[in-house]
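Peer 1: Here you go, one structure.
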There are 2 protein chains.
Amino acid sequence: MATEKIPDIIIGRLPIYLRALQRLSDQGIQTTSSQDLGEIVGISAAQIRKDISQFGEFGKQGTGYSIPYLMEKLRSILKMDRVWDVIIVGMGDIGHALAHYNGFANRGFHVSMVFDNDPKKIGQTVGDFRVLDTASMIEKIKQHKIKVAVLTVPATAAQEATDLLVKAGVKAILNYAPISINVPEDVKVQYVDPVTHLQRMTYYL
Amino acid sequence: MATEKIPDIIIGRLPIYLRALQRLSDQGIQTTSSQDLGEIVGISAAQIRKDISQFGEFGKQGTGYSIPYLMEKLRSILKMDRVWDVIIVGMGDIGHALAHYNGFANRGFHVSMVFDNDPKKIGQTVGDFRVLDTASMIEKIKQHKIKVAVLTVPATAAQEATDLLVKAGVKAILNYAPISINVPEDVKVQYVDPVTHLQRMTYYL
């Protein structure tokens with residue numbers, strides 16, 4: 001598998017396929033087709049077949065895809081066959097929501113620590129976590145070899161927090177702050193932006 | 001413009017382009033190329049040119065795209081040349097965060113009402129809003145002709161709340177609840193799912 005050359009845009013669709021397959025699997029369904037999958041995710045069957053075929057031959061002509069097999073393969077491609085430790089930086093409303101979120105565990109992620117710089121929040125308990133001081137963040141990230149962080153600080157604090165994360169060795173940042181952050185080339189950033197989702201839907205109204 | 005036939009997948013990329021153009025515009029930049037845009041959004045220049053050309057000839061060979069002009073066109077295509085009233089259903093942590101979020105107003109959306117079914121929350125103030133009772137939701141949605149809703153209720157309450165929204169005439173739902181919701185064919189749903197974003201990045205680690 002020449003996975004090195006797979007375009008980013010295809011990689012971005014694989015988690016969407018995986019989520020749809022999980023949904024079918026939860027309903028007790030064992031096989032699916034690119035047509036059925038396409039209807040769930042809103043992507044053409046041809047595109048789905050093309051995307052998946054980049055990684056090998058997973059489906060059979062006429063019988064479709066085995067859901068458990070395809071899920072296993074997609075998980076392996078996306079490196080979900082291990083558990084990634086994640087930290088959450090910023091214990092405001094969204095940080096709180098994510099600290100309580102129970103959807104990480106069975107999908108490859110484990111929240112290991114949460115941070116804030118507000119003396120009123122440091123030491124408090126949020127869900128299963130004690131809020132740690134961002135002053136100790138670099139040290140703790142290095143110690144636990146954390147590579148993935150979720151950034152839920154206000155926009156004004158986002159770049160400063162990002163710089164700390166990068167300095168400590170974090171390579172993937174999921175940014176909820178409503179601002180662009182600058183990172184070196186070897187660090188990946190994804191934005192959680194409600195407005196882009198809304199704009200995508202208003203086109204059809 | 002035969003916009004009726006534009007694939008969903010292309011429509012989904014336009015808000016991403018629009019956000020990147022806004023970022024450049026905020027920096028005082030007036031023109032850009034598909035190459036520069038591609039570097040910001042992680043999509044190939046060829047794909048960007050192809051996507052944008054679906055809607056007409058917006059760029060000039062050699063001089064690139066005029067950012068204000070392209071933004072105006074994308075806004076028009078995405079029906080962002082008006083303001084959409086949005087309601088938020090569920091005043092937990094995420095509902096709170098979104099009620100305080102200041103990134104809607106200048107990007108085509110206006111939060112007009114927020115709802116919850118918890119007697120302890122109904123009547124309370126969150127940001128600029130008084131929390132309304134979901135028992136009055138259908139009536140209020142119809143009265144104000146609301147078409148767009150953000151769903152931030154717990155997973156267990158998501159389908160019930162969805163059914164109310166659909167019954168009241170909502171046609172676009174942004175779902176933060178970590179569960180799939182069922183809607184009729186003429187209703188669009190988008191999921192805000194932190195795990196798909198994380199999975200997209202771990203591929204590169």
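By convention in this document, the chains of the structure tokens carry letters A, B, ... by their order, each chain's residues are numbered from 1, and ligands are numbered from 1 in the order they are shown.
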Identify, on the basis of only C-alpha atoms, every residue whose closest approach to range 187-193 of chain A does not exceed 7 Å; exclude the query and any residue fewer than 6 positions from it along the same chain; express the result as a VMD selection string.
Peer 2: (chain A and resid 171 to 176) or (chain B and resid 197 201)
Peer 1: Skipping near chain neighbours, those fewer than 3 positions away, what residues fall within 12 Å of Asp26 in chain A using only C-alpha atoms, listed as JSON, numbers by chain?
Peer 2: {"A": [19, 20, 21, 22, 23, 29, 30, 67, 68], "B": [179, 180]}
Peer 1: Go ahead and write the selection's residues with C-alpha atoms as a compact mmCIF listing (two decimals), in the first residue's frame.
Peer 2:
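Output below, filename part36.txt:
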# COMPACT_ATOMS: atom_id res chain seq x y z
CA ARG A 19 -18.47 6.28 11.51
CA ALA A 20 -21.15 5.21 9.02
CA LEU A 21 -19.91 1.60 9.15
CA GLN A 22 -20.03 1.74 12.96
CA ARG A 23 -23.63 2.93 12.73
CA ILE A 29 -25.76 -5.23 9.81
CA GLN A 30 -22.81 -7.28 8.48
CA ILE A 67 -18.50 -4.37 7.49
CA PRO A 68 -16.29 -5.88 10.23
CA ILE B 179 -25.61 9.80 17.99
CA SER B 180 -27.08 9.44 14.49
Peer 1: For chain A against chain B, which residues fall within 6 Å using only C-alpha atoms, given as a list in words?
Peer 2: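 Listing them in order of chain and number gives Gly12, Pro15, Leu78, Lys79, Asp93, Ile94, Ala97, Thr196, Arg200 and Tyr203 of chain A.
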Peer 1: Give me the residues within 8 Å of Met113 in chain A as a list in words, counting only C-alpha atoms and dropping any in the same chain fewer than 3 places off.
Peer 2: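 With the cut-off at 8 Å, the set is Val86, Ile87, Ile88, Phe129, Arg130, Val131 and Leu132 of chain A.
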Peer 1: The selected residues should be written to file as a compact mmCIF listing (two decimals), in the first residue's frame (atoms: N, CA and C atoms).
Peer 2:
# COMPACT_ATOMS: atom_id res chain seq x y z
N VAL A 86 -4.85 11.80 24.74
CA VAL A 86 -5.20 13.16 24.32
C VAL A 86 -5.25 14.05 25.55
N ILE A 87 -4.82 15.29 25.42
CA ILE A 87 -5.05 16.25 26.51
C ILE A 87 -6.03 17.32 26.03
N ILE A 88 -6.74 17.91 26.98
CA ILE A 88 -7.64 19.02 26.68
C ILE A 88 -7.09 20.27 27.36
N PHE A 129 -11.42 14.12 36.02
CA PHE A 129 -10.11 14.74 35.96
C PHE A 129 -9.92 15.83 37.02
N ARG A 130 -8.67 15.97 37.45
CA ARG A 130 -8.29 17.14 38.22
C ARG A 130 -7.64 18.11 37.25
N VAL A 131 -8.07 19.37 37.28
CA VAL A 131 -7.55 20.35 36.32
C VAL A 131 -6.11 20.70 36.70
N LEU A 132 -5.20 20.52 35.73
CA LEU A 132 -3.78 20.79 35.95
C LEU A 132 -3.43 22.20 35.46
Peer 1: Let's have chain B fitted on chain A; use all the C-alpha atoms paired in order for the least-squares step and return it as a short mmCIF file (atom, residue, chain, number, x, y, z; two decimals) with C-alpha atoms, in the first residue's frame.
Peer 2:
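Ended up saving to superposed25.cif:
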data_model
loop_
_atom_site.label_atom_id
_atom_site.label_comp_id
_atom_site.auth_asym_id
_atom_site.auth_seq_id
_atom_site.Cartn_x
_atom_site.Cartn_y
_atom_site.Cartn_z
CA MET B 1 -0.06 -0.08 -0.04
CA ALA B 2 1.52 3.19 -1.13
CA THR B 3 -0.27 5.10 1.64
CA GLU B 4 2.30 7.90 1.51
CA LYS B 5 0.77 9.26 -1.66
CA ILE B 6 -2.90 9.21 -0.64
CA PRO B 7 -4.32 12.74 -0.93
CA ASP B 8 -5.30 14.46 2.32
CA ILE B 9 -8.81 14.87 0.99
CA ILE B 10 -9.29 11.09 0.79
CA ILE B 11 -7.82 10.55 4.26
CA GLY B 12 -10.36 13.09 5.49
CA ARG B 13 -13.25 10.97 4.22
CA LEU B 14 -12.12 7.69 5.81
CA PRO B 15 -13.26 8.63 9.35
CA ILE B 16 -16.66 9.53 7.89
CA TYR B 17 -16.90 6.08 6.28
CA LEU B 18 -15.76 4.49 9.53
CA ARG B 19 -18.47 6.28 11.50
CA ALA B 20 -21.15 5.20 9.01
CA LEU B 21 -19.90 1.60 9.15
CA GLN B 22 -20.03 1.74 12.96
CA ARG B 23 -23.61 2.93 12.74
CA LEU B 24 -24.54 0.00 10.49
CA SER B 25 -22.62 -2.41 12.68
CA ASP B 26 -24.47 -1.12 15.77
CA GLN B 27 -27.68 -2.05 13.99
CA GLY B 28 -26.41 -5.61 13.57
CA ILE B 29 -25.72 -5.25 9.83
CA GLN B 30 -22.77 -7.30 8.50
CA THR B 31 -22.36 -6.26 4.86
CA THR B 32 -22.90 -3.07 2.90
CA SER B 33 -22.44 -1.61 -0.57
CA SER B 34 -20.88 1.61 -1.78
CA GLN B 35 -24.44 2.69 -2.70
CA ASP B 36 -25.80 2.21 0.83
CA LEU B 37 -22.74 3.80 2.37
CA GLY B 38 -23.02 6.69 -0.07
CA GLU B 39 -26.60 7.40 0.96
CA ILE B 40 -25.60 7.61 4.63
CA VAL B 41 -22.62 9.89 4.13
CA GLY B 42 -23.77 11.94 1.13
CA ILE B 43 -20.89 10.92 -1.13
CA SER B 44 -21.29 9.15 -4.48
CA ALA B 45 -20.87 5.37 -4.61
CA ALA B 46 -18.21 5.75 -7.30
CA GLN B 47 -16.19 8.10 -5.12
CA ILE B 48 -16.41 5.73 -2.16
CA ARG B 49 -15.25 2.76 -4.26
CA LYS B 50 -12.38 4.84 -5.62
CA ASP B 51 -11.35 6.07 -2.17
CA ILE B 52 -11.38 2.63 -0.58
CA SER B 53 -9.63 0.96 -3.51
CA GLN B 54 -6.62 3.23 -2.90
CA PHE B 55 -5.77 1.00 0.03
CA GLY B 56 -6.40 -2.41 -1.52
CA GLU B 57 -9.20 -4.69 -2.60
CA PHE B 58 -11.69 -4.77 0.26
CA GLY B 59 -14.97 -5.38 -1.52
CA LYS B 60 -16.17 -8.18 -3.75
CA GLN B 61 -18.09 -7.57 -6.97
CA GLY B 62 -21.74 -8.33 -6.28
CA THR B 63 -21.47 -9.02 -2.55
CA GLY B 64 -20.27 -5.64 -1.35
CA TYR B 65 -18.13 -4.95 1.68
CA SER B 66 -17.88 -7.02 4.84
CA ILE B 67 -18.48 -4.37 7.50
CA PRO B 68 -16.27 -5.88 10.24
CA TYR B 69 -13.44 -6.45 7.75
CA LEU B 70 -13.64 -2.99 6.21
CA MET B 71 -13.84 -1.35 9.66
CA GLU B 72 -10.76 -3.25 10.75
CA LYS B 73 -8.88 -2.14 7.63
CA LEU B 74 -9.94 1.50 7.94
CA ARG B 75 -9.00 1.50 11.63
CA SER B 76 -5.60 0.11 10.74
CA ILE B 77 -5.04 2.71 8.00
CA LEU B 78 -6.08 5.53 10.37
CA LYS B 79 -3.89 4.07 13.15
CA MET B 80 -6.95 3.45 15.29
CA ASP B 81 -5.69 -0.04 16.14
CA ARG B 82 -4.06 1.56 19.16
CA VAL B 83 -5.30 4.08 21.73
CA TRP B 84 -4.04 7.68 21.54
CA ASP B 85 -3.68 9.71 24.68
CA VAL B 86 -5.21 13.16 24.30
CA ILE B 87 -5.07 16.24 26.49
CA ILE B 88 -7.65 19.02 26.67
CA VAL B 89 -6.38 22.58 27.09
CA GLY B 90 -8.97 25.07 28.40
CA MET B 91 -11.69 24.16 30.88
CA GLY B 92 -14.43 26.53 29.73
CA ASP B 93 -17.83 25.31 28.52
CA ILE B 94 -16.46 23.27 25.61
CA GLY B 95 -13.59 21.83 27.65
CA HIS B 96 -16.13 20.75 30.26
CA ALA B 97 -18.34 19.15 27.63
CA LEU B 98 -15.40 17.23 26.16
CA ALA B 99 -14.12 16.13 29.59
CA HIS B 100 -17.54 14.51 30.10
CA TYR B 101 -17.83 13.18 26.53
CA ASN B 102 -17.99 9.40 26.45
CA GLY B 103 -17.46 8.99 22.71
CA PHE B 104 -13.65 8.95 22.72
CA ALA B 105 -12.91 5.65 24.43
CA ASN B 106 -14.30 3.18 21.92
CA ARG B 107 -13.01 5.13 18.91
CA GLY B 108 -9.29 5.15 19.59
CA PHE B 109 -8.76 8.03 22.00
CA HIS B 110 -8.31 8.42 25.73
CA VAL B 111 -8.34 11.77 27.50
CA SER B 112 -5.41 11.55 29.89
CA MET B 113 -5.11 15.11 31.30
CA VAL B 114 -6.93 18.46 31.26
CA PHE B 115 -5.36 21.89 31.73
CA ASP B 116 -6.27 25.48 32.47
CA ASN B 117 -4.32 28.57 33.52
CA ASP B 118 -7.05 30.04 35.76
CA PRO B 119 -6.07 29.67 39.46
CA LYS B 120 -9.79 29.27 40.29
CA LYS B 121 -10.00 26.21 38.02
CA ILE B 122 -6.63 24.57 38.71
CA GLY B 123 -7.05 21.72 41.17
CA GLN B 124 -10.82 21.54 40.67
CA THR B 125 -12.46 18.32 39.50
CA VAL B 126 -14.11 18.10 36.07
CA GLY B 127 -15.62 14.71 35.34
CA ASP B 128 -12.90 12.16 36.14
CA PHE B 129 -10.12 14.75 35.94
CA ARG B 130 -8.30 17.14 38.21
CA VAL B 131 -7.56 20.34 36.31
CA LEU B 132 -3.78 20.79 35.94
CA ASP B 133 -1.90 24.07 35.64
CA THR B 134 -0.81 24.96 32.09
CA ALA B 135 2.49 26.07 33.70
CA SER B 136 3.29 22.34 34.07
CA MET B 137 1.97 21.42 30.64
CA ILE B 138 5.21 21.17 28.64
CA GLU B 139 6.78 18.96 31.29
CA LYS B 140 3.73 16.68 31.55
CA ILE B 141 3.33 16.35 27.77
CA LYS B 142 6.97 15.35 27.37
CA GLN B 143 6.80 12.95 30.31
CA HIS B 144 3.75 11.13 28.89
CA LYS B 145 4.81 11.53 25.23
CA ILE B 146 1.46 13.09 24.31
CA LYS B 147 1.07 13.74 20.56
CA VAL B 148 -2.59 14.87 20.37
CA ALA B 149 -4.26 17.89 22.00
CA VAL B 150 -7.69 19.48 21.92
CA LEU B 151 -7.58 23.26 22.21
CA THR B 152 -10.64 24.82 23.87
CA VAL B 153 -9.22 28.12 25.08
CA PRO B 154 -10.56 31.59 24.12
CA ALA B 155 -9.40 32.96 20.76
CA THR B 156 -7.07 35.42 22.48
CA ALA B 157 -5.19 32.60 24.22
CA ALA B 158 -5.09 30.16 21.30
CA GLN B 159 -1.73 30.98 19.71
CA GLU B 160 0.11 31.12 23.03
CA ALA B 161 -1.29 27.74 24.07
CA THR B 162 -0.48 26.35 20.60
CA ASP B 163 3.14 27.44 20.93
CA LEU B 164 3.43 25.59 24.24
CA LEU B 165 1.91 22.44 22.73
CA VAL B 166 4.24 22.54 19.74
CA LYS B 167 7.26 23.15 21.96
CA ALA B 168 6.30 20.12 24.05
CA GLY B 169 6.10 17.86 20.99
CA VAL B 170 2.38 17.73 20.18
CA LYS B 171 1.84 16.86 16.49
CA ALA B 172 -1.96 17.05 16.12
CA ILE B 173 -4.21 19.84 17.43
CA LEU B 174 -7.98 19.91 17.27
CA ASN B 175 -8.81 23.61 17.58
CA TYR B 176 -12.19 24.76 18.90
CA ALA B 177 -11.00 28.35 19.34
CA PRO B 178 -12.60 30.55 16.65
CA ILE B 179 -9.26 31.68 15.24
CA SER B 180 -6.55 30.37 12.89
CA ILE B 181 -3.42 29.11 14.63
CA ASN B 182 0.08 28.95 13.17
CA VAL B 183 2.05 25.74 13.51
CA PRO B 184 5.19 24.26 11.94
CA GLU B 185 4.75 22.08 8.85
CA ASP B 186 4.99 18.79 10.74
CA VAL B 187 2.05 19.66 13.03
CA LYS B 188 -1.51 18.97 11.85
CA VAL B 189 -4.43 21.19 12.78
CA GLN B 190 -8.14 20.56 12.40
CA TYR B 191 -10.79 23.17 13.14
CA VAL B 192 -14.15 22.52 14.75
CA ASP B 193 -16.15 25.33 13.24
CA PRO B 194 -19.95 25.26 13.52
CA VAL B 195 -20.36 27.95 10.87
CA THR B 196 -18.78 25.94 8.03
CA HIS B 197 -21.23 23.13 8.81
CA LEU B 198 -24.16 25.55 8.81
CA GLN B 199 -23.04 27.16 5.54
CA ARG B 200 -22.86 23.76 3.91
CA MET B 201 -26.55 23.22 4.69
CA THR B 202 -27.95 26.64 3.84
CA TYR B 203 -26.93 26.06 0.22
CA TYR B 204 -29.85 23.63 0.01
CA LEU B 205 -32.47 25.83 1.69
#
Peer 1: Which parts of range 161-202 of chain A does DSSP call alpha helix (DSSP H) when run on the backbone here, written out as a list in words?
Peer 2: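 Output for range 161-202 of chain A, alpha helix (DSSP H) only: Ala161, Thr162, Asp163, Leu164, Leu165, Val166, Lys167, Ala168, Pro194, Val195, Thr196, His197, Leu198, Gln199, Arg200, Met201 and Thr202 of chain A.
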Peer 1: Identify all residues of range 122-165 of chain A in strand (DSSP E) (DSSP on the backbone) and supply them as a list in words.
Peer 2: Thr125, Val126, Phe129, Arg130, Val131, Leu132, Asp133, Val148, Ala149, Val150 and Leu151 of chain A
Peer 1: Dump N, CA and C atoms for the selected residues as a PDB file, in the first residue's frame?
Peer 2:
ATOM      1  N   THR A 125     -12.144  19.577  40.188  1.00  0.00           N
ATOM      2  CA  THR A 125     -12.445  18.323  39.507  1.00  0.00           C
ATOM      3  C   THR A 125     -13.458  18.563  38.389  1.00  0.00           C
ATOM      4  N   VAL A 126     -13.148  18.045  37.197  1.00  0.00           N
ATOM      5  CA  VAL A 126     -14.095  18.094  36.072  1.00  0.00           C
ATOM      6  C   VAL A 126     -14.247  16.669  35.560  1.00  0.00           C
ATOM      7  N   PHE A 129     -11.422  14.118  36.016  1.00  0.00           N
ATOM      8  CA  PHE A 129     -10.106  14.745  35.965  1.00  0.00           C
ATOM      9  C   PHE A 129      -9.917  15.826  37.023  1.00  0.00           C
ATOM     10  N   ARG A 130      -8.665  15.974  37.447  1.00  0.00           N
ATOM     11  CA  ARG A 130      -8.293  17.136  38.223  1.00  0.00           C
ATOM     12  C   ARG A 130      -7.641  18.112  37.246  1.00  0.00           C
ATOM     13  N   VAL A 131      -8.073  19.368  37.279  1.00  0.00           N
ATOM     14  CA  VAL A 131      -7.549  20.353  36.324  1.00  0.00           C
ATOM     15  C   VAL A 131      -6.113  20.705  36.701  1.00  0.00           C
ATOM     16  N   LEU A 132      -5.201  20.522  35.728  1.00  0.00           N
ATOM     17  CA  LEU A 132      -3.781  20.795  35.953  1.00  0.00           C
ATOM     18  C   LEU A 132      -3.429  22.198  35.456  1.00  0.00           C
ATOM     19  N   ASP A 133      -2.358  22.732  35.986  1.00  0.00           N
ATOM     20  CA  ASP A 133      -1.887  24.076  35.648  1.00  0.00           C
ATOM     21  C   ASP A 133      -1.142  24.037  34.303  1.00  0.00           C
ATOM     22  N   VAL A 148      -1.277  14.338  20.854  1.00  0.00           N
ATOM     23  CA  VAL A 148      -2.571  14.863  20.390  1.00  0.00           C
ATOM     24  C   VAL A 148      -3.190  15.757  21.466  1.00  0.00           C
ATOM     25  N   ALA A 149      -3.617  16.961  21.062  1.00  0.00           N
ATOM     26  CA  ALA A 149      -4.238  17.885  22.013  1.00  0.00           C
ATOM     27  C   ALA A 149      -5.505  18.483  21.426  1.00  0.00           C
ATOM     28  N   VAL A 150      -6.455  18.757  22.314  1.00  0.00           N
ATOM     29  CA  VAL A 150      -7.678  19.472  21.935  1.00  0.00           C
ATOM     30  C   VAL A 150      -7.602  20.853  22.575  1.00  0.00           C
ATOM     31  N   LEU A 151      -7.746  21.887  21.748  1.00  0.00           N
ATOM     32  CA  LEU A 151      -7.564  23.259  22.215  1.00  0.00           C
ATOM     33  C   LEU A 151      -8.935  23.914  22.364  1.00  0.00           C
TER      34      LEU A 151
END
